[in-house]
Each structure stands twice: as C-alpha cells, then as structure tokens.
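Asks: Quick one, entry.csv (CSV, C-alpha atoms):
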chain,number,residue,atom,x,y,z
A,145,MET,CA,35.3,-39.9,-38.1
A,146,LYS,CA,36.6,-36.4,-37.3
A,147,THR,CA,33.5,-34.9,-39.0
A,148,TYR,CA,31.2,-37.3,-37.0
A,149,LYS,CA,32.8,-36.2,-33.7
A,150,LEU,CA,32.5,-32.6,-34.6
A,151,LEU,CA,28.8,-33.1,-35.3
A,152,LEU,CA,28.3,-34.7,-31.9
A,153,VAL,CA,30.0,-31.8,-30.2
A,154,SER,CA,27.9,-29.3,-32.0
A,155,LEU,CA,24.7,-31.1,-31.2
A,156,GLY,CA,25.8,-31.3,-27.5
A,157,VAL,CA,26.5,-27.6,-27.3
A,158,LEU,CA,23.2,-26.9,-29.0
A,159,TYR,CA,21.4,-29.2,-26.5
A,160,PHE,CA,22.9,-27.7,-23.4
A,161,THR,CA,22.5,-24.2,-24.7
A,162,SER,CA,18.8,-25.0,-25.3
A,163,CYS,CA,18.5,-26.4,-21.7
A,164,GLU,CA,20.2,-23.4,-20.2
A,165,LYS,CA,17.9,-21.1,-22.0
A,166,GLU,CA,14.9,-23.1,-20.8
A,167,LEU,CA,16.1,-22.9,-17.2
A,168,ASP,CA,16.6,-19.2,-17.4
A,169,ARG,CA,13.5,-18.3,-19.3
A,170,ASP,CA,11.8,-15.1,-18.0
A,171,LEU,CA,8.2,-13.9,-18.0
A,172,THR,CA,8.3,-11.2,-20.5
A,173,ASP,CA,5.9,-13.0,-22.8
A,174,VAL,CA,3.4,-13.7,-20.0
A,175,SER,CA,0.2,-11.6,-19.8
A,176,VAL,CA,-3.5,-11.7,-19.0
A,177,SER,CA,-6.4,-10.4,-21.1
A,178,VAL,CA,-10.2,-10.9,-20.8
A,179,ALA,CA,-12.7,-12.4,-23.2
A,180,THR,CA,-15.3,-9.5,-23.6
A,181,ASN,CA,-19.0,-9.7,-24.4
A,182,GLU,CA,-22.1,-7.6,-23.8
A,183,ASN,CA,-21.8,-8.1,-20.0
A,184,VAL,CA,-18.0,-7.9,-19.9
A,185,ARG,CA,-16.5,-4.9,-21.5
A,186,TYR,CA,-13.6,-2.4,-21.3
A,187,GLU,CA,-14.2,1.2,-20.4
A,188,GLY,CA,-10.8,2.8,-20.8
A,189,ASN,CA,-8.5,0.7,-18.6
A,190,ILE,CA,-11.3,-0.5,-16.4
A,191,LEU,CA,-13.2,-3.8,-17.0
A,192,THR,CA,-16.9,-3.3,-16.3
A,193,VAL,CA,-18.7,-6.5,-15.5
A,194,LYS,CA,-22.3,-7.2,-14.5
A,195,LYS,CA,-22.7,-8.9,-11.1
A,196,GLY,CA,-23.0,-12.7,-11.4
A,197,THR,CA,-21.4,-12.8,-14.9
A,198,PRO,CA,-18.5,-15.3,-15.3
A,199,VAL,CA,-15.3,-13.5,-16.3
A,200,GLU,CA,-13.0,-15.5,-18.5
A,201,PHE,CA,-9.4,-14.4,-18.0
A,202,LEU,CA,-7.1,-15.5,-20.9
A,203,LEU,CA,-3.6,-16.5,-19.9
A,204,HIS,CA,-0.8,-15.8,-22.4
A,205,GLY,CA,2.6,-17.3,-22.2
A,206,ASP,CA,3.5,-20.4,-20.2
A,207,PRO,CA,4.4,-19.7,-16.6
A,208,ASP,CA,5.1,-22.6,-14.3
A,209,TYR,CA,2.8,-21.4,-11.5
A,210,VAL,CA,-0.2,-19.1,-11.5
A,211,SER,CA,-2.2,-17.8,-8.5
A,212,PHE,CA,-5.3,-15.6,-8.6
A,213,PHE,CA,-6.2,-12.9,-6.0
A,214,SER,CA,-9.8,-11.7,-6.8
A,215,GLY,CA,-9.3,-8.3,-4.9
A,216,GLU,CA,-12.3,-9.1,-2.7
A,217,LEU,CA,-12.1,-8.9,1.1
A,218,GLY,CA,-9.6,-11.5,2.3
A,219,HIS,CA,-8.2,-12.0,-1.2
A,220,GLN,CA,-6.2,-8.8,-1.9
A,221,TYR,CA,-2.7,-9.3,-3.2
A,222,ILE,CA,-1.3,-6.3,-1.4
A,223,TYR,CA,-2.2,-7.8,1.9
A,224,ARG,CA,-0.9,-11.4,1.3
A,225,ASP,CA,2.0,-10.9,3.8
A,226,ARG,CA,0.1,-8.8,6.4
A,227,LYS,CA,0.8,-9.7,10.0
A,228,GLU,CA,-0.9,-6.8,11.7
A,229,TYR,CA,-3.7,-4.3,11.0
A,230,SER,CA,-3.7,-0.6,12.0
A,231,ALA,CA,-5.7,0.6,15.0
A,232,GLU,CA,-7.4,3.2,12.8
A,233,ASP,CA,-8.9,0.3,10.8
A,234,VAL,CA,-10.8,-1.2,13.8
A,235,GLU,CA,-14.6,-0.8,13.9
A,236,THR,CA,-15.2,-3.2,16.8
A,237,CYS,CA,-13.1,-5.6,18.8
A,238,GLU,CA,-14.7,-8.0,21.3
A,239,LEU,CA,-13.6,-10.9,23.5
A,240,LYS,CA,-16.2,-13.6,23.2
A,241,PHE,CA,-16.6,-16.9,25.0
A,242,GLY,CA,-19.0,-19.2,26.9
A,243,VAL,CA,-18.7,-20.9,30.3
A,244,TRP,CA,-20.6,-23.9,31.6
A,245,THR,CA,-20.2,-25.9,34.8
A,246,ALA,CA,-20.4,-29.6,35.6
A,247,THR,CA,-20.9,-31.5,38.9
A,248,GLY,CA,-21.6,-30.1,42.3
A,249,ASN,CA,-24.3,-27.5,43.2
A,250,ALA,CA,-24.8,-23.8,43.6
A,251,ASN,CA,-22.2,-23.6,46.4
A,252,SER,CA,-19.5,-25.4,44.4
A,253,CYS,CA,-20.1,-23.0,41.4
A,254,THR,CA,-20.7,-19.6,43.0
A,255,ASN,CA,-17.5,-17.4,43.5
A,256,GLN,CA,-15.3,-20.3,42.4
A,257,LEU,CA,-14.0,-18.6,39.2
A,258,ASP,CA,-12.4,-15.2,38.6
A,259,ILE,CA,-11.8,-13.8,35.2
A,260,LEU,CA,-9.3,-10.9,35.5
A,261,TYR,CA,-7.2,-8.6,33.5
A,262,LEU,CA,-4.4,-6.0,33.6
A,263,ALA,CA,-3.5,-3.5,30.9
A,264,ASP,CA,-1.3,-0.5,30.5
A,265,GLU,CA,-3.9,1.9,31.8
A,266,GLN,CA,-3.3,5.2,33.6
A,267,GLU,CA,-5.0,5.3,36.9
A,268,PRO,CA,-7.3,8.3,37.6
A,269,GLY,CA,-5.5,11.1,39.3
A,270,SER,CA,-2.1,9.4,38.8
A,271,GLU,CA,0.7,9.8,36.3
A,272,ASN,CA,1.6,6.1,36.7
A,273,SER,CA,0.2,3.1,34.9
A,274,THR,CA,0.3,-0.5,35.8
A,275,VAL,CA,1.2,-3.4,33.5
A,276,PHE,CA,1.7,-7.1,34.1
A,277,PRO,CA,5.4,-7.8,33.5
A,278,GLY,CA,4.7,-11.4,32.4
A,279,MET,CA,5.7,-14.7,34.0
A,280,SER,CA,9.2,-16.0,33.7
A,281,LYS,CA,7.7,-19.6,33.2
A,282,THR,CA,11.0,-20.9,34.7
A,283,ASN,CA,10.8,-19.7,38.3
A,284,PHE,CA,7.6,-20.9,39.9
A,285,GLU,CA,8.1,-19.4,43.3
A,286,ALA,CA,8.6,-15.9,41.8
A,287,ASP,CA,5.7,-16.3,39.3
A,288,SER,CA,3.3,-17.5,42.0
A,289,VAL,CA,4.1,-14.5,44.2
A,290,LEU,CA,3.7,-12.2,41.2
A,291,VAL,CA,0.4,-13.6,40.1
A,292,GLU,CA,-1.4,-14.1,43.4
A,293,LYS,CA,0.2,-11.4,45.6
A,294,THR,CA,1.9,-8.6,43.8
A,295,THR,CA,-0.3,-8.0,40.8
A,296,ALA,CA,-3.4,-5.8,41.4
A,297,TRP,CA,-5.7,-7.7,38.9
A,298,LYS,CA,-8.9,-6.0,37.8
A,299,THR,CA,-12.2,-7.7,37.3
A,300,PHE,CA,-13.0,-8.5,33.7
A,301,ILE,CA,-16.2,-10.4,34.3
A,302,PRO,CA,-17.8,-9.9,37.7
A,303,ARG,CA,-18.4,-13.0,39.8
A,304,THR,CA,-22.1,-12.3,39.9
A,305,LYS,CA,-22.3,-12.8,36.2
A,306,LEU,CA,-20.4,-16.1,36.2
A,307,PRO,CA,-22.2,-19.4,36.7
A,308,THR,CA,-24.0,-19.9,40.0
A,309,SER,CA,-25.4,-23.3,39.3
A,310,VAL,CA,-24.6,-26.5,37.4
A,311,LEU,CA,-25.3,-25.9,33.8
A,312,GLY,CA,-24.5,-29.4,32.6
A,313,SER,CA,-23.6,-28.9,28.9
A,314,ALA,CA,-22.2,-26.5,26.4
A,315,ALA,CA,-25.7,-25.9,25.1
A,316,ASN,CA,-26.5,-24.2,28.4
A,317,ALA,CA,-23.3,-22.2,28.6
A,318,LEU,CA,-23.5,-18.5,29.7
A,319,ASN,CA,-22.1,-16.5,26.9
A,320,TYR,CA,-20.1,-13.3,27.2
A,321,SER,CA,-19.1,-10.6,24.7
A,322,GLU,CA,-17.0,-7.7,26.0
A,323,SER,CA,-15.4,-4.9,24.0
A,324,VAL,CA,-11.6,-4.8,24.3
A,325,LYS,CA,-11.1,-2.1,21.7
A,326,LYS,CA,-9.9,0.4,24.4
A,327,PHE,CA,-7.0,-2.0,25.2
A,328,ILE,CA,-5.5,-1.9,21.7
A,329,GLY,CA,-1.8,-1.2,22.1
A,330,LYS,CA,-2.0,-1.4,26.0
A,331,LYS,CA,-0.4,-4.8,26.8
A,332,LEU,CA,-3.6,-6.5,27.8
A,333,THR,CA,-3.1,-9.7,30.0
A,334,LEU,CA,-5.9,-12.1,30.9
A,335,ALA,CA,-5.9,-14.3,34.0
A,336,ILE,CA,-8.4,-16.9,35.1
A,337,ALA,CA,-8.3,-18.1,38.7
A,338,PHE,CA,-9.9,-21.3,39.9
A,339,ASN,CA,-10.9,-21.3,43.6
A,340,LYS,CA,-8.8,-18.2,44.4
A,341,ASP,CA,-10.4,-18.0,47.9
A,342,GLY,CA,-9.1,-21.5,48.8
A,343,LYS,CA,-12.5,-22.9,49.6
A,344,LYS,CA,-13.0,-26.5,50.8
A,345,SER,CA,-16.0,-28.8,50.5
A,346,SER,CA,-16.2,-28.6,54.3
A,347,ASP,CA,-17.0,-24.9,54.0
A,348,PHE,CA,-20.4,-25.8,52.6
A,349,PRO,CA,-23.4,-28.0,53.7
A,350,PRO,CA,-23.1,-31.6,52.4
A,351,TYR,CA,-25.7,-33.3,50.3
A,352,SER,CA,-28.8,-34.6,52.0
A,353,SER,CA,-27.1,-38.0,52.0
A,354,GLY,CA,-24.4,-36.6,54.1
A,355,ASP,CA,-21.8,-36.8,51.3
A,356,PRO,CA,-19.6,-33.7,50.9
A,357,ILE,CA,-20.2,-31.7,47.7
A,358,PRO,CA,-17.6,-32.1,44.9
A,359,GLN,CA,-15.7,-29.2,43.4
A,360,SER,CA,-17.3,-28.0,40.1
A,361,THR,CA,-15.6,-28.3,36.7
A,362,PHE,CA,-15.6,-25.1,34.6
A,363,ASN,CA,-15.6,-25.4,30.8
A,364,PHE,CA,-14.8,-22.6,28.5
A,365,VAL,CA,-16.2,-22.6,24.9
A,366,GLY,CA,-15.1,-20.7,21.8
A,367,MET,CA,-12.9,-18.1,23.5
A,368,ARG,CA,-11.8,-15.7,20.8
A,369,VAL,CA,-11.1,-12.1,19.9
A,370,GLU,CA,-13.5,-11.1,17.1
A,371,THR,CA,-12.6,-8.0,15.2
A,372,THR,CA,-14.7,-6.1,12.6
A,373,TRP,CA,-12.6,-3.8,10.4
A,374,LYS,CA,-13.8,-0.7,8.7
A,375,ASN,CA,-13.5,-2.4,5.3
A,376,GLY,CA,-16.1,-4.9,6.4
A,377,ARG,CA,-13.9,-7.8,7.0
A,378,VAL,CA,-14.3,-9.8,10.2
A,379,THR,CA,-11.3,-11.8,11.7
A,380,THR,CA,-11.2,-14.2,14.5
A,381,ALA,CA,-8.2,-15.0,16.8
A,382,TYR,CA,-8.9,-18.0,19.0
A,383,ALA,CA,-7.5,-18.5,22.5
A,384,SER,CA,-4.6,-20.7,21.2
A,385,SER,CA,-3.0,-17.4,20.1
A,386,PHE,CA,-3.2,-15.8,23.6
A,387,GLY,CA,-0.2,-17.7,25.1
A,388,PHE,CA,-2.2,-19.1,28.0
A,389,THR,CA,0.1,-20.8,30.6
A,390,PRO,CA,-1.2,-22.7,33.7
A,391,LEU,CA,0.2,-21.8,37.0
A,392,ASN,CA,-0.5,-25.0,39.0
A,393,MET,CA,-0.4,-23.8,42.6
A,394,LYS,CA,-0.7,-27.3,44.1
A,395,ASN,CA,2.1,-28.9,42.0
A,396,LYS,CA,4.2,-30.1,45.0
A,397,THR,CA,1.3,-32.0,46.5
A,398,VAL,CA,0.8,-35.6,45.2
A,399,PHE,CA,-3.0,-36.3,45.1
A,400,LYS,CA,-4.0,-39.9,44.9
A,401,GLU,CA,-6.5,-39.2,42.1
A,402,GLN,CA,-4.0,-37.6,39.8
A,403,ALA,CA,-2.7,-40.6,38.0
A,404,GLU,CA,0.9,-40.1,37.0
A,405,ILE,CA,0.2,-41.3,33.4
A,406,ASN,CA,-2.2,-38.4,32.9
A,407,MET,CA,0.0,-35.7,34.5
A,408,PRO,CA,2.3,-33.4,32.6
A,409,LYS,CA,6.1,-33.7,33.0
A,410,ASP,CA,6.1,-30.0,34.0
A,411,ARG,CA,3.8,-30.0,37.0
A,412,GLU,CA,4.4,-26.3,37.6
A,413,TYR,CA,3.3,-24.9,34.2
A,414,GLY,CA,2.0,-28.0,32.4
A,415,SER,CA,-1.5,-28.8,31.1
A,416,VAL,CA,-3.3,-32.2,30.6
A,417,THR,CA,-5.2,-33.7,27.7
A,418,THR,CA,-7.9,-35.4,29.8
A,419,GLY,CA,-9.9,-34.6,32.9
A,420,VAL,CA,-7.5,-34.4,35.9
A,421,SER,CA,-8.7,-32.6,39.1
A,422,GLY,CA,-7.1,-29.2,39.5
A,423,MET,CA,-5.5,-29.2,36.1
A,424,TRP,CA,-6.1,-27.2,33.0
A,425,ASN,CA,-7.0,-29.2,29.9
A,426,LEU,CA,-6.0,-27.1,26.8
A,427,SER,CA,-6.2,-29.9,24.2
A,428,SER,CA,-9.0,-28.1,22.3
A,429,ILE,CA,-7.8,-24.5,22.7
A,430,ALA,CA,-7.3,-24.2,18.9
A,431,ASN,CA,-11.0,-23.6,18.7
A,432,GLY,CA,-11.1,-21.6,21.9
A,433,SER,CA,-12.3,-24.4,24.2
A,434,PHE,CA,-10.6,-25.5,27.4
A,435,ALA,CA,-11.5,-26.6,31.0
A,436,VAL,CA,-10.3,-26.9,34.5
A,437,THR,CA,-11.6,-30.1,36.3
A,438,GLY,CA,-12.8,-30.0,39.9
A,439,ALA,CA,-12.3,-32.6,42.6
A,440,ALA,CA,-14.7,-35.4,43.1
A,441,THR,CA,-16.7,-35.9,46.3
A,442,GLY,CA,-14.5,-36.5,49.3
A,443,LEU,CA,-11.3,-35.2,47.6
A,444,ASP,CA,-9.3,-32.1,48.3
A,445,TRP,CA,-10.4,-29.0,46.4
A,446,LYS,CA,-7.8,-27.6,44.1
A,447,TYR,CA,-6.5,-24.1,43.3
A,448,THR,CA,-4.9,-23.0,40.0
A,449,TRP,CA,-4.4,-20.1,37.6
A,450,LEU,CA,-4.3,-19.7,33.8
A,451,VAL,CA,-2.4,-16.6,32.6
A,452,SER,CA,-2.0,-15.2,29.1
A,453,ASP,CA,0.8,-13.4,27.4
A,454,TYR,CA,0.1,-9.9,26.1
A,455,LEU,CA,-2.8,-10.1,23.6
A,456,ASN,CA,-2.0,-8.6,20.2
A,457,LEU,CA,-5.4,-7.2,19.3
A,458,LEU,CA,-4.2,-6.0,15.9
A,459,GLU,CA,-2.8,-9.4,14.9
A,460,CYS,CA,-3.9,-10.6,11.5
A,461,PRO,CA,-4.7,-14.3,12.1
A,462,SER,CA,-5.2,-15.0,8.4
A,463,PRO,CA,-3.3,-13.0,5.8
A,464,ASP,CA,-5.1,-12.5,2.5
A,465,SER,CA,-4.9,-15.5,0.2
A,466,GLY,CA,-5.2,-16.4,-3.5
A,467,VAL,CA,-6.2,-19.6,-5.2
A,468,LYS,CA,-3.9,-21.8,-7.2
A,469,VAL,CA,-4.8,-21.6,-10.8
A,470,LYS,CA,-2.0,-23.6,-12.4
A,471,ASP,CA,1.2,-25.5,-11.5
A,472,VAL,CA,4.0,-26.8,-13.6
A,473,SER,CA,2.2,-30.1,-14.4
A,474,GLN,CA,-0.8,-28.3,-16.0
A,475,GLU,CA,-1.6,-26.8,-19.4
A,476,LEU,CA,-4.0,-23.9,-18.9
A,477,ASN,CA,-5.0,-21.1,-21.3
A,478,SER,CA,-7.9,-19.5,-19.3
A,479,TYR,CA,-9.4,-19.1,-15.9
A,480,THR,CA,-13.0,-18.2,-15.1
A,481,TYR,CA,-14.2,-16.3,-12.0
A,482,THR,CA,-17.5,-14.8,-11.0
A,483,TYR,CA,-18.0,-11.6,-8.9
A,484,ASN,CA,-21.3,-11.6,-7.0
A,485,GLN,CA,-21.0,-8.3,-5.1
A,486,VAL,CA,-21.1,-4.8,-6.6
A,487,GLY,CA,-17.8,-2.9,-6.1
A,488,THR,CA,-14.4,-2.1,-7.6
A,489,TYR,CA,-11.7,-4.7,-7.3
A,490,THR,CA,-8.1,-5.1,-8.2
A,491,ALA,CA,-7.7,-8.6,-9.6
A,492,THR,CA,-4.1,-9.9,-9.5
A,493,PHE,CA,-2.5,-12.9,-11.2
A,494,LEU,CA,0.8,-13.9,-9.7
A,495,MET,CA,3.0,-15.7,-12.2
A,496,ASN,CA,6.1,-17.7,-11.2
A,497,ASN,CA,8.8,-19.7,-12.9
A,498,SER,CA,11.0,-21.7,-10.6
A,499,ASN,CA,13.6,-24.4,-10.8
A,500,TYR,CA,16.9,-25.2,-9.2
A,501,ALA,CA,18.8,-22.8,-11.4
A,502,HIS,CA,16.4,-19.8,-11.8
A,503,ALA,CA,13.4,-18.1,-10.4
A,504,ALA,CA,11.2,-15.3,-11.9
A,505,SER,CA,8.0,-13.7,-10.7
A,506,LYS,CA,5.5,-11.3,-12.3
A,507,THR,CA,2.1,-9.8,-11.4
A,508,CYS,CA,-0.6,-8.9,-13.8
A,509,ASP,CA,-3.3,-6.5,-12.4
A,510,LEU,CA,-6.8,-5.7,-13.8
A,511,ILE,CA,-9.2,-3.1,-12.4
A,512,ILE,CA,-12.7,-4.6,-12.3
A,513,ASN,CA,-15.8,-2.6,-11.8
A,514,VAL,CA,-18.8,-4.9,-10.9
A,515,THR,CA,-22.2,-3.3,-11.5
A,516,GLU,CA,-25.8,-4.4,-11.0
The structure given in the file should be rewritten as structure tokens.

Replies:
Amino acid sequence: MKTYKLLLVSLGVLYFTSCEKELDRDLTDVSVSVATNENVRYEGNILTVKKGTPVEFLLHGDPDYVSFFSGELGHQYIYRDRKEYSAEDVETCELKFGVWTATGNANSCTNQLDILYLADEQEPGSENSTVFPGMSKTNFEADSVLVEKTTAWKTFIPRTKLPTSVLGSAANALNYSESVKKFIGKKLTLAIAFNKDGKKSSDFPPYSSGDPIPQSTFNFVGMRVETTWKNGRVTTAYASSFGFTPLNMKNKTVFKEQAEINMPKDREYGSVTTGVSGMWNLSSIANGSFAVTGAATGLDWKYTWLVSDYLNLLECPSPDSGVKVKDVSQELNSYTYTYNQVGTYTATFLMNNSNYAHAASKTCDLIINVTE
C-alpha cells in the first residue's frame, strides 16, 4: 500500500510538472523559412521572388497564435500601433465633401449656408495669431456669444460657390475639394452656420399660389479629410472624427412641428436621428454624411450652427494591420502569400503564446525583393 501511494504521488508530481512546463513554454523553437524554387530563391539574406509567384512560408514550432504582416503599404509591422504621421510625410491633404439641397427655391437656398474656419494663422503685418478656443459644451450662453459674436470666422467656401437652387438628390450634389495642408499643426476649426443672417420666409416673394416658400434643407455627403502620403498610401478620416457639436440657437423656443419624441434630451447641443426642422441629423456621420432640415411652408425659419473640435490632420485613422494566420485551435505548418507589386518588403510573422499563467511573443522577419 505504501508503495502504491508513493507511485501515485510520483505520477502526480510528474503530471503537474509537465503541465507547468506546458504553461510556461517559450518560443525559442519557433521560426519561419521559405520553400524555394526557380522563382523563389535566396540571394544572401534576401529572398528574391518573381511578381505574382506564391511564396510558401514554412512555420516551425507550435505557437498558439500567428499573424502575418506582408510589409506592403498598410501592412507594415513597425506601424501597427501608429496613431499619427509626420508632417514631412504628407504629399497632399484635402477636405472633400458634397452638398445638395431639398425643398424651396433659389431664394431659400442662396446665402442660407456658411462654411467657415479658424486656424492658428498669423495675420499679415501682425505678430498676433487667432485661434478658436473651443466651446465649453456646458455653458450655452457663453458658447453662443463666442461662436456668433466674438469669433472672427473666415470663409472656407464662399457663398457664391454653395448651392443657389434646389438640387434634389445626392446625385446632383455640388462637390468640393479644398487643400488643408497649410493648416497642419495649426488648430484648425470648422464651423457651419445655417441661416446666419436670420432670414424669414416673408423676406422673399411667395410662390405663385400665394404660399410662402419653405426653408431649404441642406445635406452634406461624404465629408472627409483625404491624405496622400509620400510613401503612396492614401488615408481617409471621415467627419465623425471631427468632433462636430451642434449649437442649437433656438433651443428655448418650442416649435409645434418639433415633436418631443424626435428631439434630443440636450436641446442646446444635441442632434437628432430623423428630419426635424432646425436640427442637425448626424446619424450617418460615420461615412461623412449629415444634414440640417429646414422649416416647411408657413413655419418659422430656423437658425443653428455646427462647430468642430480641432482637426488633427496628421491622425492615422487606420494603423497598419496584419492577417490572422493561426490561432490556438488550429494546426498549421505553412502559409502562402503572393506579392503582385515590384518592390522590397519586410515580411513579419508575429508569434504569441498566451494563457492565464504565461505569455510570450516573438517576431520573425524576412526581407523580400519582388522582381518582374
């Protein structure tokens, strides 16, 4: 019996030692090589591959997780955590968007929209520069004075270039593309004012029927900052990253057509998700689309602003990414990838072992020269 118990204890120690070793296993035995042939060959430490030829990477060892970064634009391991680019890397930087109008006529469209900006620019002949300090977003009275009275906004798109007729659909939108490269690092703020002059339908001739004209609705399409970098990559940051906040100037007035169920809880700075006169609908801003709805025939015309935070023109909206090759549930001995563009790339395999007791990580790099 004593011998039997001793055997059980020994087996138990062996079992737990084995488990502990398995939990703590490192990645020293993990590596990557390449299956060579007439189109895939080593020249020193560089792998030379003909364009369009599948490259078979051989995975040695047994890591729990494997990711692959091809080294092509957007898939470089060294940039996987990048949040910002450098100003020196910028080739072009443009703010792009479209605007189309609905309802009304030329009078209800013309001079009803202002697209403005302010940036940290030094005025000619002056040592001073002006910059928008930003709204508090908690003190409406102070913010409204700041936006409509104190700030010397500059024109970004002249009124004469904005819609002067009812365009009817996004297909007929007027499209704009303006360089903002000169504003990099200068605390650029955008502001959009709807009916800044405080016009009313009675300021214009009625329809031939005698009905007053309605206030036009303005729709923005695909607003984004599109940047081309010197390495050839193009990135897009949509308006959802601009920090746009409505400043609802008529928030203390209860209009009969503004159904309570459709109104935001925060009437001073809130937006809506459906068409409500005088309110900004930002529900589609993720793809750069948003709108401000005008007032229907016979209703009071509205007045409102939309103001951004500072635009970070060097922001990296999508850090470089790899592809998952293997997880802990898979057995995998090789991975095949094809390069279709001539160039030199650093391909990286990221290996990880991970469990509740231990984590280990290792990278395996290969320099790949892709030729015609």

Asks: Show which residues sit within 7 Å of Pro463 (chain A), as a list in words. Count only C-alpha atoms, and ignore same-chain residues fewer than 6 positions away.

Replies: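 Final neighbour list, sorted by chain and number: Tyr223, Arg224, Asp225, Arg226 and Lys227 of chain A.
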
Asks: Nearest residue to Phe434 (chain A) out of A:Gln474, A:Thr515, A:Asn363, A:Thr417, using all atoms listed in the file?

Replies: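 Counting all atoms listed in the file, the residue closest to Phe434 (chain A) is A:Asn363.
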
Asks: A:Tyr186, A:Val193, A:Asn425, A:Pro207: which is nearest Leu171 (chain A), counting all atoms listed in the file?

Replies: A:Pro207

Asks: Could you tell me which of A:Ala246, A:Ile336, A:Leu318, A:Cys237 comes closest to Trp449 (chain A) if we count only C-alpha atoms?

Replies: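 Closest residue, counting only C-alpha atoms: A:Ile336.
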
Asks: Tell me, as a PyMOL selection string, which residues lie within 10 Å of Thr295 (chain A), counting all atoms listed in the file; anything in the same chain fewer than 5 positions away does not count.

Replies: chain A and resi 262+274-277+289-290

Asks: Go ahead and dump the residues you just picked, C-alpha atoms, as a compact mmCIF listing (two decimals), in the frame of the given file.

Replies:
# COMPACT_ATOMS: atom_id res chain seq x y z
CA LEU A 262 -4.40 -6.00 33.60
CA THR A 274 0.30 -0.50 35.80
CA VAL A 275 1.20 -3.40 33.50
CA PHE A 276 1.70 -7.10 34.10
CA PRO A 277 5.40 -7.80 33.50
CA VAL A 289 4.10 -14.50 44.20
CA LEU A 290 3.70 -12.20 41.20

Asks: Can you tell me which residues surround Asp355 (chain A) at a distance of at most 12 Å, considering only C-alpha atoms, apart from same-chain residues fewer than 2 positions away, and format the answer as a ChimeraX atom specification?

Replies: /A:248,345-346,348-353,357-358,440-443

Asks: If I take CA of Leu311 (chain A) and CA of Asn339 (chain A), how far is one from the other in Å, to one decimal?

Replies: 18.0 Å

Asks: So that I can check the surroundings of Trp297 (chain A), please list as a JSON list (two decimals) with C-alpha atoms, in the frame of the given file every protein, DNA and RNA residue that reaches within 10 Å of it, counting all atoms listed in the file and ignoring chain neighbours fewer than 3 positions away.

Replies:
[["chain", "number", "residue", "atom", "x", "y", "z"],
["A", 259, "ILE", "CA", -11.80, -13.80, 35.20],
["A", 260, "LEU", "CA", -9.30, -10.90, 35.50],
["A", 261, "TYR", "CA", -7.20, -8.60, 33.50],
["A", 262, "LEU", "CA", -4.40, -6.00, 33.60],
["A", 263, "ALA", "CA", -3.50, -3.50, 30.90],
["A", 274, "THR", "CA", 0.30, -0.50, 35.80],
["A", 275, "VAL", "CA", 1.20, -3.40, 33.50],
["A", 276, "PHE", "CA", 1.70, -7.10, 34.10],
["A", 291, "VAL", "CA", 0.40, -13.60, 40.10],
["A", 292, "GLU", "CA", -1.40, -14.10, 43.40],
["A", 293, "LYS", "CA", 0.20, -11.40, 45.60],
["A", 294, "THR", "CA", 1.90, -8.60, 43.80],
["A", 300, "PHE", "CA", -13.00, -8.50, 33.70],
["A", 333, "THR", "CA", -3.10, -9.70, 30.00],
["A", 334, "LEU", "CA", -5.90, -12.10, 30.90],
["A", 335, "ALA", "CA", -5.90, -14.30, 34.00]]
